[in-house]
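What follows is the content of run-v6.txt (compact mmCIF, C-alpha atoms).
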```
# COMPACT_ATOMS: atom_id res chain seq x y z
CA MET R 27 -220.02 21.78 96.58
CA ASP R 28 -219.80 18.43 98.39
CA ASP R 29 -220.40 15.11 96.62
CA GLU R 30 -223.77 14.50 98.29
CA THR R 31 -225.11 17.85 97.10
CA THR R 32 -223.71 17.37 93.60
CA LYS R 33 -225.36 13.95 93.35
CA ALA R 34 -228.71 15.30 94.60
CA ALA R 35 -228.64 18.28 92.23
CA THR R 36 -227.72 16.06 89.28
CA ALA R 37 -230.64 13.75 90.09
CA VAL R 38 -233.04 16.72 90.11
CA LEU R 39 -231.75 17.97 86.77
CA ASP R 40 -232.04 14.50 85.24
CA ALA R 41 -235.59 14.01 86.57
CA PHE R 42 -236.69 17.42 85.30
CA ARG R 43 -235.13 16.81 81.88
CA ARG R 44 -237.04 13.54 81.55
CA ARG R 45 -240.28 15.46 82.11
CA GLU R 46 -239.13 18.50 80.09
CA TRP R 47 -239.77 20.62 83.17
CA MET R 48 -238.20 23.79 84.48
CA ALA R 49 -237.55 24.65 88.14
CA ALA R 50 -237.46 27.79 90.25
CA THR R 51 -236.39 28.34 93.84
CA ALA R 52 -237.63 30.72 96.53
CA GLU R 53 -235.02 30.89 99.26
CA SER R 54 -234.69 32.71 102.54
CA CYS R 55 -232.26 31.11 105.03
CA THR R 56 -230.30 29.37 102.25
CA GLY R 57 -229.71 32.63 100.42
CA GLY R 58 -229.62 31.10 96.93
CA LEU R 59 -227.66 27.94 97.74
CA VAL R 60 -230.26 25.64 96.14
CA ALA R 61 -230.18 27.58 92.89
CA GLY R 62 -226.40 27.65 93.22
CA ALA R 63 -226.23 23.87 93.64
CA LEU R 64 -228.33 23.32 90.52
CA THR R 65 -226.46 25.86 88.39
CA GLU R 66 -223.07 24.55 89.53
CA ILE R 67 -223.68 21.70 87.09
CA ALA R 68 -222.91 22.48 83.47
CA GLY R 69 -225.93 22.44 81.19
CA SER R 70 -228.44 23.24 83.94
CA SER R 71 -229.87 26.16 81.96
CA ASP R 72 -232.35 23.83 80.27
CA VAL R 73 -233.93 23.15 83.68
CA VAL R 74 -233.32 26.15 85.94
CA ASP R 75 -235.59 29.08 85.15
CA ARG R 76 -234.79 31.39 88.07
CA GLY R 77 -234.19 31.74 91.77
CA PHE R 78 -235.67 34.22 94.21
CA VAL R 79 -233.61 35.15 97.26
CA THR R 80 -236.18 36.67 99.59
CA TYR R 81 -234.39 37.11 102.87
CA SER R 82 -236.55 39.95 104.16
CA ASN R 83 -240.30 39.95 104.69
CA GLU R 84 -240.53 42.86 102.27
CA ALA R 85 -238.83 40.79 99.56
CA LYS R 86 -241.17 37.85 100.23
CA GLN R 87 -244.12 40.18 99.71
CA GLN R 88 -242.77 42.10 96.70
CA MET R 89 -241.15 39.27 94.74
CA LEU R 90 -243.39 36.34 95.65
CA GLY R 91 -246.65 37.93 96.71
CA VAL R 92 -246.59 36.48 100.22
CA PRO R 93 -249.50 38.20 101.96
CA ALA R 94 -248.55 40.62 104.75
CA GLU R 95 -251.23 39.01 106.91
CA THR R 96 -249.57 35.59 106.52
CA LEU R 97 -246.30 37.03 107.76
CA ALA R 98 -247.98 38.95 110.58
CA THR R 99 -250.06 36.01 111.76
CA HIS R 100 -247.65 33.09 111.26
CA GLY R 101 -244.23 34.68 110.87
CA ALA R 102 -241.60 34.28 108.18
CA VAL R 103 -240.62 30.86 109.49
CA SER R 104 -243.85 28.93 109.11
CA HIS R 105 -245.66 26.32 107.11
CA GLU R 106 -247.97 29.00 105.71
CA THR R 107 -245.15 31.28 104.56
CA ALA R 108 -243.22 28.42 102.94
CA GLU R 109 -246.31 27.42 100.95
CA ALA R 110 -247.00 31.02 99.92
CA MET R 111 -243.39 31.36 98.79
CA ALA R 112 -243.58 28.20 96.67
CA ARG R 113 -246.86 29.29 95.07
CA GLY R 114 -245.46 32.78 94.49
CA ALA R 115 -242.38 31.42 92.74
CA LEU R 116 -244.65 29.33 90.53
CA GLY R 117 -246.76 32.36 89.64
CA ASN R 118 -243.72 34.51 88.88
CA SER R 119 -241.75 32.08 86.74
CA ARG R 120 -241.95 29.65 83.84
CA ALA R 121 -241.23 26.76 86.19
CA HIS R 122 -243.27 23.58 86.29
CA ALA R 123 -242.21 23.03 89.92
CA THR R 124 -240.79 25.24 92.63
CA VAL R 125 -239.29 24.79 96.06
CA SER R 126 -239.15 27.24 98.94
CA ILE R 127 -237.10 27.35 102.11
CA THR R 128 -237.56 29.55 105.18
CA GLY R 129 -235.99 28.92 108.56
CA VAL R 130 -233.71 29.86 111.43
CA ALA R 131 -230.15 28.93 110.49
CA GLY R 132 -228.59 30.48 113.60
CA PRO R 133 -226.53 30.95 115.53
CA GLY R 134 -229.02 33.49 116.94
CA GLY R 135 -232.56 34.44 116.06
CA GLY R 136 -234.30 31.42 117.53
CA SER R 137 -237.00 31.30 120.18
CA ALA R 138 -238.72 28.62 122.24
CA GLU R 139 -241.44 28.38 119.59
CA LYS R 140 -239.09 28.64 116.61
CA PRO R 141 -235.67 27.37 117.68
CA VAL R 142 -232.42 27.54 115.75
CA GLY R 143 -232.48 24.77 113.18
CA LEU R 144 -236.21 24.96 112.44
CA VAL R 145 -236.73 25.07 108.67
CA HIS R 146 -239.93 24.90 106.62
CA PHE R 147 -239.91 23.71 103.01
CA ALA R 148 -242.65 23.70 100.40
CA ALA R 149 -242.86 22.58 96.81
CA ALA R 150 -245.55 23.49 94.30
CA THR R 151 -246.28 22.24 90.80
CA ARG R 152 -248.39 23.58 87.95
CA ASP R 153 -250.87 20.73 88.35
CA GLY R 154 -251.71 21.80 91.91
CA THR R 155 -249.43 19.58 93.98
CA LEU R 156 -248.35 21.34 97.18
CA LEU R 157 -245.95 19.60 99.55
CA HIS R 158 -244.68 20.77 102.93
CA VAL R 159 -241.86 19.47 105.12
CA GLU R 160 -240.78 20.77 108.51
CA ARG R 161 -237.32 19.91 109.80
CA ARG R 162 -235.85 20.61 113.20
CA PHE R 163 -232.16 20.15 112.57
CA GLY R 164 -231.19 21.54 115.97
CA ASP R 165 -228.40 23.93 116.81
CA ILE R 166 -225.85 22.17 114.59
CA GLY R 167 -224.21 25.31 113.23
CA ARG R 168 -225.32 27.72 110.54
CA ALA R 169 -223.39 26.08 107.71
CA GLU R 170 -224.74 22.62 108.49
CA VAL R 171 -228.36 23.82 108.80
CA ARG R 172 -228.00 25.45 105.40
CA ARG R 173 -226.30 22.38 103.85
CA ARG R 174 -229.01 20.04 105.09
CA SER R 175 -231.66 22.49 103.94
CA VAL R 176 -230.26 22.43 100.42
CA LEU R 177 -230.38 18.63 100.41
CA GLU R 178 -233.97 18.62 101.70
CA ALA R 179 -235.05 21.15 99.06
CA LEU R 180 -233.43 19.14 96.28
CA ALA R 181 -235.19 16.00 97.56
CA LEU R 182 -238.54 17.81 97.44
CA LEU R 183 -237.96 18.92 93.85
CA ARG R 184 -237.01 15.36 92.92
CA GLN R 185 -240.17 14.06 94.60
CA CYS R 186 -242.28 16.45 92.54
CA ALA R 187 -240.79 15.18 89.29
CA ASP R 188 -240.87 11.52 90.29
CA GLU R 189 -244.51 11.52 91.48
CA LYS R 190 -245.92 12.35 88.05
```
Would you give me this structure, written as structure tokens?
Amino acid sequence: MDDETTKAATAVLDAFRRREWMAATAESCTGGLVAGALTEIAGSSDVVDRGFVTYSNEAKQQMLGVPAETLATHGAVSHETAEAMARGALGNSRAHATVSITGVAGPGGGSAEKPVGLVHFAAATRDGTLLHVERRFGDIGRAEVRRRSVLEALALLRQCADEK
């Protein structure tokens, strides 16, 4: 893990410890990298409850309760799906805050409407906060899209803890 990611993950863990909160992740294009970044740090078990890797639409529906109609109408890479994933992770965990990530990491799979590098993020908290961020990283390579997505997700979790 690079220094920037380690620093961001440590800041999330520290912020959540101050609030005595737990976190959960719901990841698609990052495939568990956010949970991996958090759990790379020793002692993270007091903060990290669980991570959901929901790469397929079926997994999003079964594990997180994302409605089939949301996926059919808006697609897996959408604001609506990211929010449903974050809410689903909250409902299926002991977490106080969750973050979700769904996007097109590339190199293929993009379209004019949803190009490579488009990633949607959402965060949800038990008190009803729901945040959404859309990033268009561009065709910067799969590894870099995923790395930047991890950093964005960690920043969203930190924002949830810091806003309270």
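Nearest-residue note for Ala187 in chain R: choosing from R:Met111, R:Ala121, R:Ala63, R:Ala138, the minimum distance belongs to R:Ala121, counting only C-alpha atoms.
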Between CA of Arg45 in chain R and CA of His146 in chain R, distance in Å (one decimal):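 Distance between the two atoms: 26.3 Å.
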One-decimal distance in Å that lies between CA of Leu64 in chain R and CA of Leu39 in chain R: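 Answer for the CA of Leu39 in chain R to CA of Leu64 in chain R separation: 7.4 Å.
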Separation of CA of Ile166 in chain R from CA of Val142 in chain R, in Å and rounded to one decimal: 8.6 Å
Which residue of R:Gly58, R:Pro133, R:Leu183, R:Met48 approaches Gly164 in chain R most closely, using only C-alpha atoms: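 Among the listed residues, the smallest separation from Gly164 in chain R belongs to R:Pro133.
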Contacts of Gly101 in chain R at 12 Å (all atoms listed in the file; same-chain gap of 3+ positions) as a PyMOL selection string: chain R and resi 82-83+86+92-98+104-108+110+128-130+139-140+146
Expected answer as a ChimeraX atom specification: all residues with atoms within 10 Å of (-235.5, 39.2, 100.9), only C-alpha atoms: /R:52-55,57,78-90
Of the listed residues R:Leu144, R:Leu59, R:Cys186, R:Leu177, that which approaches Lys33 in chain R most closely, counting only C-alpha atoms: R:Leu177
Since the input lacks atoms, please generate N, CA and C atoms for range 132-145 of chain R and provide them as a PDB file, in the frame of the given file.
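Written out: part09.pdb:
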```pdb
ATOM      1  N   GLY R 132    -229.422  30.215 112.430  1.00  0.00           N
ATOM      2  CA  GLY R 132    -228.590  30.480 113.600  1.00  0.00           C
ATOM      3  C   GLY R 132    -227.338  31.259 113.246  1.00  0.00           C
ATOM      4  N   PRO R 133    -226.478  31.504 114.181  1.00  0.00           N
ATOM      5  CA  PRO R 133    -226.530  30.950 115.530  1.00  0.00           C
ATOM      6  C   PRO R 133    -227.587  31.610 116.433  1.00  0.00           C
ATOM      7  N   GLY R 134    -227.995  32.826 116.130  1.00  0.00           N
ATOM      8  CA  GLY R 134    -229.020  33.490 116.940  1.00  0.00           C
ATOM      9  C   GLY R 134    -230.334  33.495 116.194  1.00  0.00           C
ATOM     10  N   GLY R 135    -231.292  34.239 116.733  1.00  0.00           N
ATOM     11  CA  GLY R 135    -232.560  34.440 116.060  1.00  0.00           C
ATOM     12  C   GLY R 135    -233.636  33.443 116.413  1.00  0.00           C
ATOM     13  N   GLY R 136    -233.306  32.417 117.166  1.00  0.00           N
ATOM     14  CA  GLY R 136    -234.300  31.420 117.530  1.00  0.00           C
ATOM     15  C   GLY R 136    -235.097  31.834 118.752  1.00  0.00           C
ATOM     16  N   SER R 137    -236.163  31.095 119.001  1.00  0.00           N
ATOM     17  CA  SER R 137    -237.000  31.300 120.180  1.00  0.00           C
ATOM     18  C   SER R 137    -237.477  29.929 120.651  1.00  0.00           C
ATOM     19  N   ALA R 138    -238.196  29.901 121.757  1.00  0.00           N
ATOM     20  CA  ALA R 138    -238.720  28.620 122.240  1.00  0.00           C
ATOM     21  C   ALA R 138    -239.671  28.010 121.216  1.00  0.00           C
ATOM     22  N   GLU R 139    -240.477  28.855 120.584  1.00  0.00           N
ATOM     23  CA  GLU R 139    -241.440  28.380 119.590  1.00  0.00           C
ATOM     24  C   GLU R 139    -240.784  28.040 118.254  1.00  0.00           C
ATOM     25  N   LYS R 140    -239.783  28.832 117.885  1.00  0.00           N
ATOM     26  CA  LYS R 140    -239.090  28.640 116.610  1.00  0.00           C
ATOM     27  C   LYS R 140    -237.576  28.625 116.869  1.00  0.00           C
ATOM     28  N   PRO R 141    -237.079  27.461 117.293  1.00  0.00           N
ATOM     29  CA  PRO R 141    -235.670  27.370 117.680  1.00  0.00           C
ATOM     30  C   PRO R 141    -234.719  27.379 116.474  1.00  0.00           C
ATOM     31  N   VAL R 142    -233.459  27.649 116.767  1.00  0.00           N
ATOM     32  CA  VAL R 142    -232.420  27.540 115.750  1.00  0.00           C
ATOM     33  C   VAL R 142    -232.475  26.125 115.172  1.00  0.00           C
ATOM     34  N   GLY R 143    -232.424  26.052 113.870  1.00  0.00           N
ATOM     35  CA  GLY R 143    -232.480  24.770 113.180  1.00  0.00           C
ATOM     36  C   GLY R 143    -233.849  24.399 112.648  1.00  0.00           C
ATOM     37  N   LEU R 144    -234.876  25.201 112.980  1.00  0.00           N
ATOM     38  CA  LEU R 144    -236.210  24.960 112.440  1.00  0.00           C
ATOM     39  C   LEU R 144    -236.270  25.508 111.012  1.00  0.00           C
ATOM     40  N   VAL R 145    -236.634  24.647 110.062  1.00  0.00           N
ATOM     41  CA  VAL R 145    -236.730  25.070 108.670  1.00  0.00           C
ATOM     42  C   VAL R 145    -238.006  24.477 108.065  1.00  0.00           C
TER      43      VAL R 145
END
```
